[in-house]
Amino acid sequence: VQARPAGCLRFGTPTRSASAELDSIMSAAVESSVAMPTPSVVAAADRAKAVLLPDAAVRPTKLFLGGLTRNTTTKQLRDHFSQYGRILDCVAMRQPDGRPRGFGYVTLDSLAAAERCLAEPQVIDGRVVDMKR
């Protein structure tokens, strides 16, 4: 009996030909079969997802900040947005040579905090900032 390596690939669409895709990747003939998860496996995955992913209201939310001035710093962004909730991450983007890029990101600890930010115009460093979720 000769050992046969085995593997599993997950394709985004079930209509896509797994064999043809594998043949093109490996340049060899490959046996393939369709594997469908059993209902118990799907239920277990749903339970795990419910435990790992908190309620949408408390899920961290990342906001894009456009139109920042050349002088806006990450510290200014952090100080400004801390009034809306806990800041998980905050950055004013810069070029590798240190020049400002004019945009940044802030990640707040909840969707509710992000919604409060988006509900009113934000003025940072004397300029109204364009914000998007």
# chains A, B, ... in the order shown; residues from 1 in each chain; ligands from 1
call {"tool": "residues_around", "arguments": {"residues": "Ser82 of chain A", "least_positions_apart": "3", "cutoff": "12 Å", "atoms": "only C-alpha atoms", "output": "ChimeraX atom specification"}}
result
/A:75-79,85-90,106-109,113-114,116-117
